[in-house]
Amino acid sequence: MKASLLLIGLLSAGVAIAAPPAPKKEGIEGKSYRWNAQEGEKLEALKLKGDKTRGEEAYEICGACHLPSGAGRPDGTFPQLAGQHTTVLIKQMADIRAGLRDNPTMYPFAATLTDPQELADVSVYIESLCIPTDHGKYEGADAAIQISKGKELYEKQCLECHGANGEGDKAKFYPVIAGQHFKYLLRQMTEIRDGHRRNANPDMVKVIKPYTNDQLVAISAYMSSLTMPGAMCKPKADKKK
């Protein structure tokens with residue numbers, strides 16, 4: 001707990017945190033890459049039952065960037081996490097810890113999670129948080145046009161996996177995208193298309209590889225407009241601990 005509070009204090013103060021570099025594991029750029037291989041601590045964590053009380057304590061270090069509510073930052077620097085599937089959260093954290101997904105900002109913090117049980121705990125806590133209704137959306141004067149264009153693309157090639165309301169698929173490790181920030185979605189879609197998201201699903205890469213920058217803007221604008229009835233809430237004032 002003390003270590004977590006110290007890291008939060010350092011981060012809040014804008015102090016760089018020294019940490020060992022992330023390991024490097026072969027990703028989509030390699031011929032032997034298998035998306036979502038069921039192995040290592042990820043497989044162990046997926047088999048465990050998470051504890052929300054322990055997860056809330058472990059999440060304290062995450063809340064410094066992603067906020068206690070899990071809302072992240074509308075400017076897209078940190079994603080909205082609340083309500084995300086435990087399977088997706090465990091996979092992404094395990095991939096970052098293993099050096100399969102490059103995220104030098106998050107790696108020092110993900111590395112503080114001690115074992116597969118803590119991965120399971122923090123993930124079940126995050127999944128229990130309601131998705132904020134207020135998040136970063138596309139705000140251009142042509143928003144209605146962009147959302148309309150994006151809707152057409154989404155329903156043609158994304159709906160089957162991510163769902164009509166952006167609910168994703170927990171069993172298949174497809175993330176919830178409802179309530180996600182526009183700028184974060186656009187950055188991730190661009191990185192996946194351009195081969196920089198090394199733990200990406202090859203099937204998704206094939207879908208969006210032909211997309212132009214303008215098409216990525218449109219589809220991201222539409223995805224950030226999606227809502228999940230019954231799973232979203234107005235933001236509450238973050239509790240100070």
# chains A, B, ... in the order shown; residues from 1 in each chain; ligands from 1
>>> residues_around(residues="segment 74-82 of chain A", least_positions_apart="4", cutoff="9 Å", atoms="only C-alpha atoms", output="number ranges by chain")
A: 65-67, 69-70, 89, 125-132, 134-137, 179-187
>>> write_last_selection(atoms="C-alpha atoms", output="PDB file, in the first residue's frame")
ATOM      1  CA  CYS A  65      -3.886   8.165 -14.504  1.00  0.00           C
ATOM      2  CA  HIS A  66      -7.222   6.483 -15.207  1.00  0.00           C
ATOM      3  CA  LEU A  67      -8.985   8.323 -12.332  1.00  0.00           C
ATOM      4  CA  SER A  69     -13.864   6.345 -11.490  1.00  0.00           C
ATOM      5  CA  GLY A  70     -12.004   4.568 -14.292  1.00  0.00           C
ATOM      6  CA  LEU A  89      -8.119  -6.235 -18.914  1.00  0.00           C
ATOM      7  CA  TYR A 125     -12.930  -4.349  -9.627  1.00  0.00           C
ATOM      8  CA  ILE A 126     -12.542  -2.299 -12.811  1.00  0.00           C
ATOM      9  CA  GLU A 127     -15.248  -4.337 -14.552  1.00  0.00           C
ATOM     10  CA  SER A 128     -17.633  -3.516 -11.684  1.00  0.00           C
ATOM     11  CA  LEU A 129     -17.343   0.252 -12.261  1.00  0.00           C
ATOM     12  CA  CYS A 130     -20.093   1.853 -14.318  1.00  0.00           C
ATOM     13  CA  ILE A 131     -19.133   3.373 -17.661  1.00  0.00           C
ATOM     14  CA  PRO A 132     -19.249   7.198 -17.484  1.00  0.00           C
ATOM     15  CA  ASP A 134     -19.415  11.865 -20.157  1.00  0.00           C
ATOM     16  CA  HIS A 135     -16.307  11.131 -22.204  1.00  0.00           C
ATOM     17  CA  GLY A 136     -14.294  12.503 -25.082  1.00  0.00           C
ATOM     18  CA  LYS A 137     -16.309  12.542 -28.298  1.00  0.00           C
ATOM     19  CA  GLY A 179     -17.944   5.147 -23.584  1.00  0.00           C
ATOM     20  CA  GLN A 180     -14.380   5.127 -24.880  1.00  0.00           C
ATOM     21  CA  HIS A 181     -12.712   8.428 -25.752  1.00  0.00           C
ATOM     22  CA  PHE A 182     -12.624   9.417 -29.430  1.00  0.00           C
ATOM     23  CA  LYS A 183      -8.966  10.407 -29.401  1.00  0.00           C
ATOM     24  CA  TYR A 184      -7.923   7.162 -27.728  1.00  0.00           C
ATOM     25  CA  LEU A 185      -9.933   5.091 -30.218  1.00  0.00           C
ATOM     26  CA  LEU A 186      -8.417   6.977 -33.142  1.00  0.00           C
ATOM     27  CA  ARG A 187      -4.881   6.494 -31.838  1.00  0.00           C
TER      28      ARG A 187
END
>>> residues_around(residues="Lys52 of chain A", least_positions_apart="2", cutoff="10 Å", atoms="only C-alpha atoms", output="ChimeraX atom specification")
/A:49-50,54-59,120-128
>>> closest_atom_pairs(of="segment 192-241 of chain A", to="segment 167-172 of chain A", cutoff="12 Å", atoms="only C-alpha atoms", output="JSON lines")
{"residue": "A:Asn201", "atom": "CA", "partner": "A:Lys172", "partner_atom": "CA", "distance": 11.2}
{"residue": "A:Met223", "atom": "CA", "partner": "A:Glu167", "partner_atom": "CA", "distance": 10.8}
{"residue": "A:Leu226", "atom": "CA", "partner": "A:Glu167", "partner_atom": "CA", "distance": 9.2}
{"residue": "A:Thr227", "atom": "CA", "partner": "A:Glu167", "partner_atom": "CA", "distance": 8.6}
{"residue": "A:Met228", "atom": "CA", "partner": "A:Glu167", "partner_atom": "CA", "distance": 6.8}
{"residue": "A:Pro229", "atom": "CA", "partner": "A:Glu167", "partner_atom": "CA", "distance": 10.0}
{"residue": "A:Gly230", "atom": "CA", "partner": "A:Glu167", "partner_atom": "CA", "distance": 11.5}
{"residue": "A:Ala231", "atom": "CA", "partner": "A:Glu167", "partner_atom": "CA", "distance": 9.6}
{"residue": "A:Met232", "atom": "CA", "partner": "A:Glu167", "partner_atom": "CA", "distance": 11.5}
>>> write_last_selection(atoms="C-alpha atoms", output="mmCIF file, in the first residue's frame")
data_model
loop_
_atom_site.group_PDB
_atom_site.id
_atom_site.type_symbol
_atom_site.label_atom_id
_atom_site.label_comp_id
_atom_site.auth_asym_id
_atom_site.auth_seq_id
_atom_site.Cartn_x
_atom_site.Cartn_y
_atom_site.Cartn_z
ATOM 1 C CA ASN A 201 -5.664 -9.344 -33.540
ATOM 2 C CA MET A 223 -17.682 4.325 -31.817
ATOM 3 C CA LEU A 226 -22.087 4.381 -28.681
ATOM 4 C CA THR A 227 -23.874 3.768 -25.393
ATOM 5 C CA MET A 228 -24.715 0.637 -23.427
ATOM 6 C CA PRO A 229 -28.143 0.910 -21.765
ATOM 7 C CA GLY A 230 -28.006 -0.037 -18.098
ATOM 8 C CA ALA A 231 -24.203 -0.041 -17.911
ATOM 9 C CA MET A 232 -23.498 3.709 -17.938
#
>>> closest_residue(among="A:Ala111, A:Asp51, A:Asp102, A:Ser32", to="Gly195 of chain A", atoms="only C-alpha atoms")
A:Asp102
>>> closest_residue(among="A:Glu139, A:Ile61, A:Asn165, A:Asn199", to="Gly99 of chain A", atoms="only C-alpha atoms")
A:Asn199
>>> atom_distance(atom1="atom CA of Lys234 of chain A", atom2="atom CA of Ile145 of chain A")
26.6 Å
>>> closest_residue(among="A:Thr105, A:Cys62, A:Leu216, A:Pro175", to="Gln92 of chain A", atoms="only C-alpha atoms")
A:Pro175
>>> closest_residue(among="A:Val205, A:Asn103, A:Ser220, A:Glu160", to="Gln146 of chain A", atoms="only C-alpha atoms")
A:Ser220
>>> residues_around(residues="Pro23 of chain A", least_positions_apart="2", cutoff="12 Å", atoms="only C-alpha atoms", output="number ranges by chain")
A: 19-21, 25-26, 94-104, 107-108, 111
>>> residues_around(residues="Lys149 of chain A", least_positions_apart="2", cutoff="12 Å", atoms="only C-alpha atoms", output="MDAnalysis selection string")
chainID A and resid 142:147 151:156 214:223
>>> residues_around(residues="Gly166 of chain A", least_positions_apart="5", cutoff="6 Å", atoms="only C-alpha atoms", output="number ranges by chain")
A: 176-178
>>> atom_distance(atom1="atom CA of Lys206 of chain A", atom2="atom CA of Ser224 of chain A")
21.8 Å
>>> select_by_dssp(residues="segment 16-219 of chain A", states="helix (DSSP H, G or I)", output="number ranges by chain")
A: 40-47, 52-58, 60-66, 86-98, 107-110, 116-128, 143-157, 159-162, 182-193, 202-208, 213-219
>>> atom_distance(atom1="atom CA of Gly27 of chain A", atom2="atom CA of Val88 of chain A")
17.2 Å
>>> residues_around(residues="Ala200 of chain A", least_positions_apart="2", cutoff="9 Å", atoms="only C-alpha atoms", output="VMD selection string")
chain A and resid 27 to 28 35 to 36 101 192 195 to 198 202 to 205
>>> decode(residues="segment 202-214 of chain A", atoms="all heavy atoms", output="PDB file, in the first residue's frame")
ATOM      1  N   PRO A 202      -4.813 -10.223 -35.682  1.00  0.00           N
ATOM      2  CA  PRO A 202      -4.581 -10.163 -37.133  1.00  0.00           C
ATOM      3  C   PRO A 202      -5.864 -10.009 -37.938  1.00  0.00           C
ATOM      4  O   PRO A 202      -5.854  -9.393 -39.006  1.00  0.00           O
ATOM      5  CB  PRO A 202      -3.897 -11.505 -37.431  1.00  0.00           C
ATOM      6  CG  PRO A 202      -3.250 -11.893 -36.150  1.00  0.00           C
ATOM      7  CD  PRO A 202      -4.195 -11.420 -35.076  1.00  0.00           C
ATOM      8  N   ASP A 203      -6.960 -10.556 -37.431  1.00  0.00           N
ATOM      9  CA  ASP A 203      -8.237 -10.422 -38.145  1.00  0.00           C
ATOM     10  C   ASP A 203      -8.673  -8.958 -38.202  1.00  0.00           C
ATOM     11  O   ASP A 203      -9.218  -8.502 -39.212  1.00  0.00           O
ATOM     12  CB  ASP A 203      -9.327 -11.258 -37.468  1.00  0.00           C
ATOM     13  CG  ASP A 203      -9.079 -12.750 -37.613  1.00  0.00           C
ATOM     14  OD1 ASP A 203      -8.380 -13.148 -38.569  1.00  0.00           O
ATOM     15  OD2 ASP A 203      -9.574 -13.528 -36.775  1.00  0.00           O
ATOM     16  N   MET A 204      -8.436  -8.231 -37.104  1.00  0.00           N
ATOM     17  CA  MET A 204      -8.801  -6.818 -37.096  1.00  0.00           C
ATOM     18  C   MET A 204      -7.879  -6.005 -37.988  1.00  0.00           C
ATOM     19  O   MET A 204      -8.314  -5.064 -38.662  1.00  0.00           O
ATOM     20  CB  MET A 204      -8.771  -6.264 -35.677  1.00  0.00           C
ATOM     21  CG  MET A 204      -9.228  -4.810 -35.592  1.00  0.00           C
ATOM     22  SD  MET A 204      -9.390  -4.222 -33.903  1.00  0.00           S
ATOM     23  CE  MET A 204      -9.820  -2.512 -34.210  1.00  0.00           C
ATOM     24  N   VAL A 205      -6.607  -6.376 -37.997  1.00  0.00           N
ATOM     25  CA  VAL A 205      -5.651  -5.676 -38.861  1.00  0.00           C
ATOM     26  C   VAL A 205      -6.093  -5.779 -40.324  1.00  0.00           C
ATOM     27  O   VAL A 205      -6.059  -4.790 -41.066  1.00  0.00           O
ATOM     28  CB  VAL A 205      -4.233  -6.250 -38.693  1.00  0.00           C
ATOM     29  CG1 VAL A 205      -3.274  -5.582 -39.688  1.00  0.00           C
ATOM     30  CG2 VAL A 205      -3.740  -6.050 -37.267  1.00  0.00           C
ATOM     31  N   LYS A 206      -6.533  -6.949 -40.730  1.00  0.00           N
ATOM     32  CA  LYS A 206      -6.982  -7.147 -42.112  1.00  0.00           C
ATOM     33  C   LYS A 206      -8.177  -6.254 -42.437  1.00  0.00           C
ATOM     34  O   LYS A 206      -8.295  -5.730 -43.543  1.00  0.00           O
ATOM     35  CB  LYS A 206      -7.363  -8.608 -42.339  1.00  0.00           C
ATOM     36  CG  LYS A 206      -6.183  -9.570 -42.349  1.00  0.00           C
ATOM     37  CD  LYS A 206      -6.654 -11.012 -42.503  1.00  0.00           C
ATOM     38  CE  LYS A 206      -5.506 -11.995 -42.426  1.00  0.00           C
ATOM     39  NZ  LYS A 206      -5.981 -13.408 -42.498  1.00  0.00           N
ATOM     40  N   VAL A 207      -9.070  -6.089 -41.453  1.00  0.00           N
ATOM     41  CA  VAL A 207     -10.275  -5.287 -41.679  1.00  0.00           C
ATOM     42  C   VAL A 207      -9.928  -3.816 -41.887  1.00  0.00           C
ATOM     43  O   VAL A 207     -10.431  -3.167 -42.813  1.00  0.00           O
ATOM     44  CB  VAL A 207     -11.261  -5.435 -40.502  1.00  0.00           C
ATOM     45  CG1 VAL A 207     -12.383  -4.397 -40.596  1.00  0.00           C
ATOM     46  CG2 VAL A 207     -11.861  -6.840 -40.491  1.00  0.00           C
ATOM     47  N   ILE A 208      -9.069  -3.273 -41.008  1.00  0.00           N
ATOM     48  CA  ILE A 208      -8.843  -1.822 -41.064  1.00  0.00           C
ATOM     49  C   ILE A 208      -7.588  -1.412 -41.840  1.00  0.00           C
ATOM     50  O   ILE A 208      -7.345  -0.217 -42.021  1.00  0.00           O
ATOM     51  CB  ILE A 208      -8.799  -1.209 -39.649  1.00  0.00           C
ATOM     52  CG1 ILE A 208      -7.571  -1.693 -38.865  1.00  0.00           C
ATOM     53  CG2 ILE A 208     -10.070  -1.512 -38.895  1.00  0.00           C
ATOM     54  CD1 ILE A 208      -7.420  -0.969 -37.537  1.00  0.00           C
ATOM     55  N   LYS A 209      -6.826  -2.387 -42.324  1.00  0.00           N
ATOM     56  CA  LYS A 209      -5.625  -2.050 -43.086  1.00  0.00           C
ATOM     57  C   LYS A 209      -5.929  -1.129 -44.277  1.00  0.00           C
ATOM     58  O   LYS A 209      -5.157  -0.198 -44.544  1.00  0.00           O
ATOM     59  CB  LYS A 209      -4.955  -3.339 -43.589  1.00  0.00           C
ATOM     60  CG  LYS A 209      -3.550  -3.141 -44.151  1.00  0.00           C
ATOM     61  CD  LYS A 209      -2.583  -2.818 -43.042  1.00  0.00           C
ATOM     62  CE  LYS A 209      -1.149  -2.754 -43.567  1.00  0.00           C
ATOM     63  NZ  LYS A 209      -0.191  -2.341 -42.506  1.00  0.00           N
ATOM     64  N   PRO A 210      -7.036  -1.329 -44.995  1.00  0.00           N
ATOM     65  CA  PRO A 210      -7.313  -0.462 -46.147  1.00  0.00           C
ATOM     66  C   PRO A 210      -7.892   0.903 -45.785  1.00  0.00           C
ATOM     67  O   PRO A 210      -8.045   1.759 -46.658  1.00  0.00           O
ATOM     68  CB  PRO A 210      -8.354  -1.267 -46.952  1.00  0.00           C
ATOM     69  CG  PRO A 210      -8.367  -2.632 -46.360  1.00  0.00           C
ATOM     70  CD  PRO A 210      -7.986  -2.453 -44.940  1.00  0.00           C
ATOM     71  N   TYR A 211      -8.240   1.119 -44.510  1.00  0.00           N
ATOM     72  CA  TYR A 211      -8.906   2.372 -44.131  1.00  0.00           C
ATOM     73  C   TYR A 211      -7.974   3.568 -44.283  1.00  0.00           C
ATOM     74  O   TYR A 211      -6.804   3.526 -43.912  1.00  0.00           O
ATOM     75  CB  TYR A 211      -9.380   2.317 -42.683  1.00  0.00           C
ATOM     76  CG  TYR A 211     -10.615   1.487 -42.436  1.00  0.00           C
ATOM     77  CD1 TYR A 211     -11.194   0.717 -43.439  1.00  0.00           C
ATOM     78  CD2 TYR A 211     -11.218   1.458 -41.177  1.00  0.00           C
ATOM     79  CE1 TYR A 211     -12.322  -0.039 -43.196  1.00  0.00           C
ATOM     80  CE2 TYR A 211     -12.352   0.698 -40.924  1.00  0.00           C
ATOM     81  CZ  TYR A 211     -12.898  -0.050 -41.943  1.00  0.00           C
ATOM     82  OH  TYR A 211     -14.018  -0.807 -41.710  1.00  0.00           O
ATOM     83  N   THR A 212      -8.516   4.648 -44.800  1.00  0.00           N
ATOM     84  CA  THR A 212      -7.775   5.907 -44.893  1.00  0.00           C
ATOM     85  C   THR A 212      -7.843   6.604 -43.531  1.00  0.00           C
ATOM     86  O   THR A 212      -8.637   6.231 -42.659  1.00  0.00           O
ATOM     87  CB  THR A 212      -8.394   6.835 -45.946  1.00  0.00           C
ATOM     88  OG1 THR A 212      -9.722   7.201 -45.517  1.00  0.00           O
ATOM     89  CG2 THR A 212      -8.455   6.161 -47.309  1.00  0.00           C
ATOM     90  N   ASN A 213      -7.039   7.648 -43.357  1.00  0.00           N
ATOM     91  CA  ASN A 213      -7.081   8.418 -42.119  1.00  0.00           C
ATOM     92  C   ASN A 213      -8.480   8.994 -41.886  1.00  0.00           C
ATOM     93  O   ASN A 213      -8.980   9.020 -40.764  1.00  0.00           O
ATOM     94  CB  ASN A 213      -6.047   9.542 -42.141  1.00  0.00           C
ATOM     95  CG  ASN A 213      -4.627   9.021 -42.034  1.00  0.00           C
ATOM     96  OD1 ASN A 213      -4.394   7.890 -41.600  1.00  0.00           O
ATOM     97  ND2 ASN A 213      -3.666   9.840 -42.434  1.00  0.00           N
ATOM     98  N   ASP A 214      -9.100   9.473 -42.951  1.00  0.00           N
ATOM     99  CA  ASP A 214     -10.443  10.049 -42.841  1.00  0.00           C
ATOM    100  C   ASP A 214     -11.459   8.999 -42.392  1.00  0.00           C
ATOM    101  O   ASP A 214     -12.361   9.283 -41.600  1.00  0.00           O
ATOM    102  CB  ASP A 214     -10.884  10.656 -44.175  1.00  0.00           C
ATOM    103  CG  ASP A 214     -10.136  11.942 -44.507  1.00  0.00           C
ATOM    104  OD1 ASP A 214      -9.527  12.527 -43.582  1.00  0.00           O
ATOM    105  OD2 ASP A 214     -10.154  12.357 -45.680  1.00  0.00           O
TER     106      ASP A 214
END
